[in-house]
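The structure file entry-v8.csv is reproduced below (CSV, C-alpha atoms).
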```csv
chain,number,residue,atom,x,y,z
A,1,ASP,CA,0.0,0.0,0.0
A,2,LEU,CA,2.8,2.4,0.8
A,3,TYR,CA,4.5,1.8,-2.5
A,4,ALA,CA,1.3,2.2,-4.4
A,5,GLU,CA,0.5,5.5,-2.6
A,6,PHE,CA,3.9,7.2,-2.2
A,7,ALA,CA,6.3,5.5,-4.7
A,8,PRO,CA,4.3,3.8,-7.5
A,9,SER,CA,7.4,3.7,-9.8
A,10,LYS,CA,9.1,1.4,-7.3
A,11,LEU,CA,6.2,-1.0,-6.9
A,12,LEU,CA,6.8,-3.1,-10.0
A,13,PRO,CA,10.5,-3.8,-9.3
A,14,PHE,CA,9.5,-4.7,-5.7
A,15,LEU,CA,6.8,-7.2,-7.0
A,16,GLN,CA,9.3,-8.7,-9.4
A,17,GLN,CA,12.1,-9.2,-6.9
A,18,SER,CA,10.1,-10.3,-3.9
A,19,SER,CA,7.7,-13.2,-3.3
A,20,HIS,CA,6.9,-12.3,0.3
A,21,TYR,CA,3.5,-10.7,-0.2
A,22,ASN,CA,-0.1,-11.9,-0.7
A,23,LEU,CA,-1.0,-11.9,-4.3
A,24,GLN,CA,-4.7,-11.3,-3.8
A,25,ALA,CA,-4.1,-8.4,-1.5
A,26,ALA,CA,-1.5,-6.9,-3.9
A,27,LEU,CA,-3.9,-7.3,-6.8
A,28,LYS,CA,-6.6,-5.4,-5.0
A,29,THR,CA,-4.2,-2.6,-4.1
A,30,CYS,CA,-2.9,-2.3,-7.7
A,31,GLU,CA,-6.5,-2.3,-9.2
A,32,ARG,CA,-7.6,0.3,-6.6
A,33,ALA,CA,-4.6,2.5,-7.6
A,34,ASN,CA,-5.1,1.9,-11.3
A,35,LEU,CA,-1.6,0.6,-11.7
A,36,VAL,CA,-2.1,-1.4,-14.9
A,37,ARG,CA,1.5,-2.8,-15.5
A,38,GLU,CA,1.6,-3.9,-11.9
A,39,THR,CA,-1.8,-5.5,-12.2
A,40,VAL,CA,-0.7,-7.3,-15.4
A,41,PHE,CA,2.4,-8.7,-13.6
A,42,ILE,CA,0.4,-10.0,-10.6
A,43,LEU,CA,-2.3,-11.6,-12.8
A,44,SER,CA,0.4,-13.4,-14.7
A,45,ARG,CA,1.9,-14.7,-11.5
A,46,MET,CA,-1.5,-15.9,-10.4
A,47,GLY,CA,-1.9,-17.8,-13.7
A,48,SER,CA,-4.4,-15.5,-15.3
A,49,GLN,CA,-2.4,-14.8,-18.4
A,50,ARG,CA,-5.5,-14.1,-20.6
A,51,ALA,CA,-6.8,-11.5,-18.3
A,52,ALA,CA,-3.3,-9.9,-18.1
A,53,LEU,CA,-3.1,-9.8,-22.0
A,54,ARG,CA,-6.5,-8.2,-22.2
A,55,LEU,CA,-5.3,-5.5,-19.9
A,56,VAL,CA,-2.2,-4.9,-22.0
A,57,LEU,CA,-4.2,-4.6,-25.2
A,58,GLY,CA,-7.2,-2.9,-23.7
A,59,LYS,CA,-6.0,-0.4,-21.1
A,60,LEU,CA,-2.4,0.0,-22.1
A,61,GLY,CA,-2.9,-0.3,-25.8
A,62,ASP,CA,0.8,-1.3,-26.0
A,63,MET,CA,1.2,-3.8,-28.9
A,64,GLU,CA,5.0,-4.3,-28.3
A,65,HIS,CA,4.4,-5.0,-24.6
A,66,ALA,CA,1.7,-7.5,-25.7
A,67,LEU,CA,4.2,-9.3,-28.0
A,68,ARG,CA,6.8,-9.5,-25.3
A,69,PHE,CA,4.3,-10.8,-22.8
A,70,VAL,CA,3.1,-13.5,-25.2
A,71,ARG,CA,6.7,-14.5,-26.0
A,72,ASP,CA,7.6,-14.7,-22.3
A,73,GLN,CA,4.6,-16.9,-21.5
A,74,GLY,CA,5.1,-19.3,-24.4
A,75,ASP,CA,1.4,-20.1,-24.7
A,76,PRO,CA,0.0,-20.7,-28.2
A,77,ASP,CA,-3.5,-19.8,-27.0
A,78,LEU,CA,-2.2,-16.3,-26.0
A,79,THR,CA,-0.8,-15.9,-29.5
A,80,SER,CA,-4.1,-16.8,-31.1
A,81,GLU,CA,-5.9,-14.3,-28.8
A,82,LEU,CA,-3.4,-11.6,-29.6
A,83,LEU,CA,-4.0,-12.2,-33.3
A,84,ALA,CA,-7.7,-12.2,-33.0
A,85,HIS,CA,-7.7,-9.0,-31.0
A,86,ALA,CA,-5.4,-7.3,-33.6
A,87,LEU,CA,-7.7,-8.3,-36.5
A,88,GLN,CA,-10.7,-6.5,-34.9
A,89,SER,CA,-9.8,-3.2,-36.5
A,90,PRO,CA,-7.5,-1.8,-39.3
A,91,ALA,CA,-5.6,0.3,-36.8
A,92,LEU,CA,-4.8,-2.6,-34.5
A,93,ALA,CA,-3.7,-4.8,-37.5
A,94,SER,CA,-1.4,-2.0,-38.7
A,95,ASP,CA,0.0,-1.6,-35.2
A,96,LEU,CA,0.7,-5.4,-35.0
A,97,LEU,CA,2.4,-5.5,-38.4
A,98,HIS,CA,4.5,-2.5,-37.4
A,99,HIS,CA,5.8,-4.2,-34.3
A,100,LEU,CA,6.4,-7.7,-35.7
A,101,ALA,CA,10.0,-6.9,-36.7
A,102,GLY,CA,12.1,-8.7,-34.1
A,103,HIS,CA,9.1,-10.6,-32.8
A,104,ASP,CA,8.7,-13.2,-35.6
A,105,ASP,CA,9.3,-15.9,-33.0
A,106,VAL,CA,5.8,-15.0,-31.6
A,107,LEU,CA,3.9,-14.4,-34.9
A,108,GLN,CA,5.0,-14.8,-38.5
A,109,PRO,CA,4.0,-11.8,-40.7
A,110,SER,CA,2.5,-14.3,-43.2
A,111,GLN,CA,0.1,-15.5,-40.5
A,112,VAL,CA,-1.2,-12.0,-40.0
A,113,LEU,CA,-1.4,-11.2,-43.7
A,114,ARG,CA,-3.2,-14.4,-44.6
A,115,GLN,CA,-5.9,-13.8,-41.9
A,116,LEU,CA,-6.6,-10.1,-42.7
A,117,PRO,CA,-10.3,-9.8,-43.4
A,118,ALA,CA,-11.1,-9.3,-47.1
A,119,GLY,CA,-11.5,-5.7,-47.9
A,120,MET,CA,-9.9,-4.4,-44.7
A,121,ALA,CA,-8.1,-1.1,-45.4
A,122,VAL,CA,-5.1,-1.4,-43.2
A,123,PRO,CA,-3.3,2.0,-42.7
A,124,ASN,CA,0.2,2.2,-44.0
A,125,LEU,CA,0.0,-1.4,-45.2
A,126,ARG,CA,2.6,-0.9,-48.0
A,127,ASP,CA,5.1,0.6,-45.6
A,128,ARG,CA,4.5,-2.3,-43.1
A,129,ILE,CA,5.1,-4.9,-45.7
A,130,SER,CA,8.2,-3.2,-47.1
A,131,ARG,CA,9.7,-3.1,-43.6
A,132,ILE,CA,8.9,-6.8,-43.0
A,133,MET,CA,10.5,-7.7,-46.3
A,134,ALA,CA,13.6,-5.7,-45.6
A,135,ASP,CA,13.9,-7.3,-42.2
A,136,CYS,CA,13.5,-10.8,-43.7
A,137,LEU,CA,16.2,-10.0,-46.3
A,138,GLN,CA,18.5,-8.7,-43.6
A,139,GLN,CA,18.0,-11.9,-41.6
A,140,ARG,CA,18.7,-14.1,-44.7
A,141,ASP,CA,21.9,-12.2,-45.5
A,142,LEU,CA,23.0,-12.5,-41.9
A,143,ALA,CA,22.4,-16.2,-41.9
A,144,ALA,CA,24.3,-16.6,-45.2
A,145,SER,CA,27.2,-14.7,-43.8
A,146,CYS,CA,27.3,-16.8,-40.7
A,147,ALA,CA,27.2,-20.0,-42.8
A,148,ARG,CA,30.1,-18.8,-44.9
A,149,ILE,CA,32.2,-18.0,-41.8
A,150,VAL,CA,31.4,-21.4,-40.3
A,151,ASP,CA,32.4,-23.1,-43.5
A,152,GLN,CA,35.7,-21.2,-43.8
A,153,GLU,CA,36.6,-21.9,-40.2
A,154,ALA,CA,35.8,-25.6,-40.7
A,155,ASN,CA,37.9,-25.8,-43.8
A,156,GLU,CA,40.8,-24.1,-42.0
A,157,LEU,CA,40.6,-26.4,-39.0
A,158,SER,CA,40.4,-29.5,-41.3
A,159,ALA,CA,43.5,-28.4,-43.3
A,160,LYS,CA,45.4,-27.7,-40.0
A,161,LEU,CA,44.4,-31.2,-38.7
A,162,PHE,CA,45.5,-32.8,-42.0
A,163,ARG,CA,48.9,-31.0,-41.9
A,164,ALA,CA,49.4,-32.0,-38.3
A,165,ARG,CA,48.7,-35.7,-39.0
A,166,ARG,CA,50.8,-35.7,-42.1
A,167,GLY,CA,53.9,-34.2,-40.4
A,168,SER,CA,53.7,-36.4,-37.3
A,169,VAL,CA,56.6,-38.8,-36.5
A,170,CYS,CA,56.0,-42.3,-35.3
A,171,PRO,CA,57.7,-42.8,-31.9
A,172,VAL,CA,60.2,-45.7,-31.9
A,173,LEU,CA,60.0,-47.9,-28.9
A,174,PRO,CA,62.5,-50.7,-28.0
A,175,GLY,CA,61.9,-53.7,-30.2
A,176,SER,CA,59.4,-51.8,-32.4
A,177,THR,CA,59.6,-50.7,-36.0
A,178,CYS,CA,58.1,-47.7,-37.8
A,179,ASP,CA,57.3,-46.7,-41.3
A,180,SER,CA,58.8,-43.3,-40.8
A,181,PRO,CA,61.7,-42.7,-43.2
A,182,ARG,CA,63.8,-41.4,-40.3
A,183,HIS,CA,63.9,-44.9,-38.7
A,184,GLY,CA,63.7,-47.1,-41.8
A,185,THR,CA,60.7,-49.0,-43.1
A,186,MET,CA,59.0,-52.0,-41.7
A,187,GLY,CA,59.7,-53.9,-44.9
A,188,ASP,CA,63.4,-53.4,-44.5
A,189,ALA,CA,63.3,-54.6,-40.8
A,190,ALA,CA,61.2,-57.6,-41.7
A,191,SER,CA,63.5,-58.8,-44.5
A,192,ARG,CA,66.6,-58.5,-42.4
A,193,PRO,CA,67.8,-61.8,-40.6
A,194,ARG,CA,67.7,-61.6,-36.9
A,195,GLY,CA,71.1,-60.8,-35.3
A,196,ILE,CA,72.3,-59.0,-38.4
A,197,SER,CA,72.8,-55.3,-37.9
A,198,PRO,CA,72.3,-52.8,-40.8
A,199,GLY,CA,75.5,-52.5,-42.9
A,200,SER,CA,76.8,-56.0,-42.0
A,201,ASN,CA,78.5,-58.0,-44.8
A,202,ALA,CA,77.4,-61.4,-43.5
A,203,THR,CA,76.3,-63.9,-46.0
A,204,SER,CA,72.9,-65.4,-46.1
A,205,ASN,CA,74.2,-68.7,-44.5
A,206,GLY,CA,75.4,-66.9,-41.4
A,207,SER,CA,79.2,-67.6,-42.1
A,208,PRO,CA,81.6,-64.7,-41.6
A,209,PRO,CA,82.7,-62.7,-44.6
A,210,SER,CA,85.6,-64.0,-46.6
A,211,GLY,CA,89.0,-62.7,-45.8
A,212,ALA,CA,88.2,-62.4,-42.1
```

Translate the structure of the given file into structure tokens.
Amino acid sequence: DLYAEFAPSKLLPFLQQSSHYNLQAALKTCERANLVRETVFILSRMGSQRAALRLVLGKLGDMEHALRFVRDQGDPDLTSELLAHALQSPALASDLLHHLAGHDDVLQPSQVLRQLPAGMAVPNLRDRISRIMADCLQQRDLAASCARIVDQEANELSAKLFRARRGSVCPVLPGSTCDSPRHGTMGDAASRPRGISPGSNATSNGSPPSGA
């Protein structure tokens, strides 16, 4: 009551940050003081999202706030109710199309355009559609740029990995052989008789070289 009477601008932050108050009593206080945004918040906390949305659209007349509210709630029924409300008049439909940029995760512009009543003269419809198309093109270009960057980085990492594997040297352990040119080939080691070191002039029958 004190916030509502003496510091109404601080009431909404208090309601958002605290849970130590009676929702029903807070609702009555906000309704009595005609604090619409605070009433909307309390109604949403009480689970009355539809009543809260009607307040945003009816008393506040704030379409952008309504879009944010519907997105935060994640309820398809609220999306349908928002669209139905916006299609009641040309001015509301125009307002919805104007604010759809950046909120296409709530409503696709095509959904609104397809459901416009036949013959409805929507104010500034050409400007609204032009803005929507420009926003779509910008998003497409951004997505294409991101894809190119990802492909380039993937190719660079792949080439780096290939070079690292190609230039690696097989470690030589006691009693092991390796294909690395630095340590001879496995074929050479396999064809050499046991006990004969590289460079030895011993004959194949194991007798010492002549002249010894």

Quiz prompt | CA of Leu113 (chain A) to CA of Gln49 (chain A), straight-line distance in Å | solution =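 Those two atoms sit 25.6 Å apart.
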
Self-check item: Using only C-alpha atoms: which of A:His65, A:Arg126, A:Arg140, A:Arg37 has the shortest distance to Lys10 (chain A)
Solution: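 For Lys10 (chain A), the nearest of the candidates is A:Arg37.
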
Quiz item: A:Arg50, A:Glu64, A:Asp1, A:Gln16: which is nearest Ala33 (chain A), counting only C-alpha atoms?
Solution: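 Distance minimum relative to Ala33 (chain A) lands on A:Asp1.
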
Self-check item: Coordinates-based distance that separates CA of Gln24 (chain A) from CA of Met46 (chain A) (Å, one decimal)
Solution: 8.7 Å

Quiz item: Hey, can you check how far CA of Leu55 (chain A) sits from CA of Glu5 (chain A)?
Solution: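 Taking CA of Leu55 (chain A) and CA of Glu5 (chain A), their separation equals 21.3 Å.
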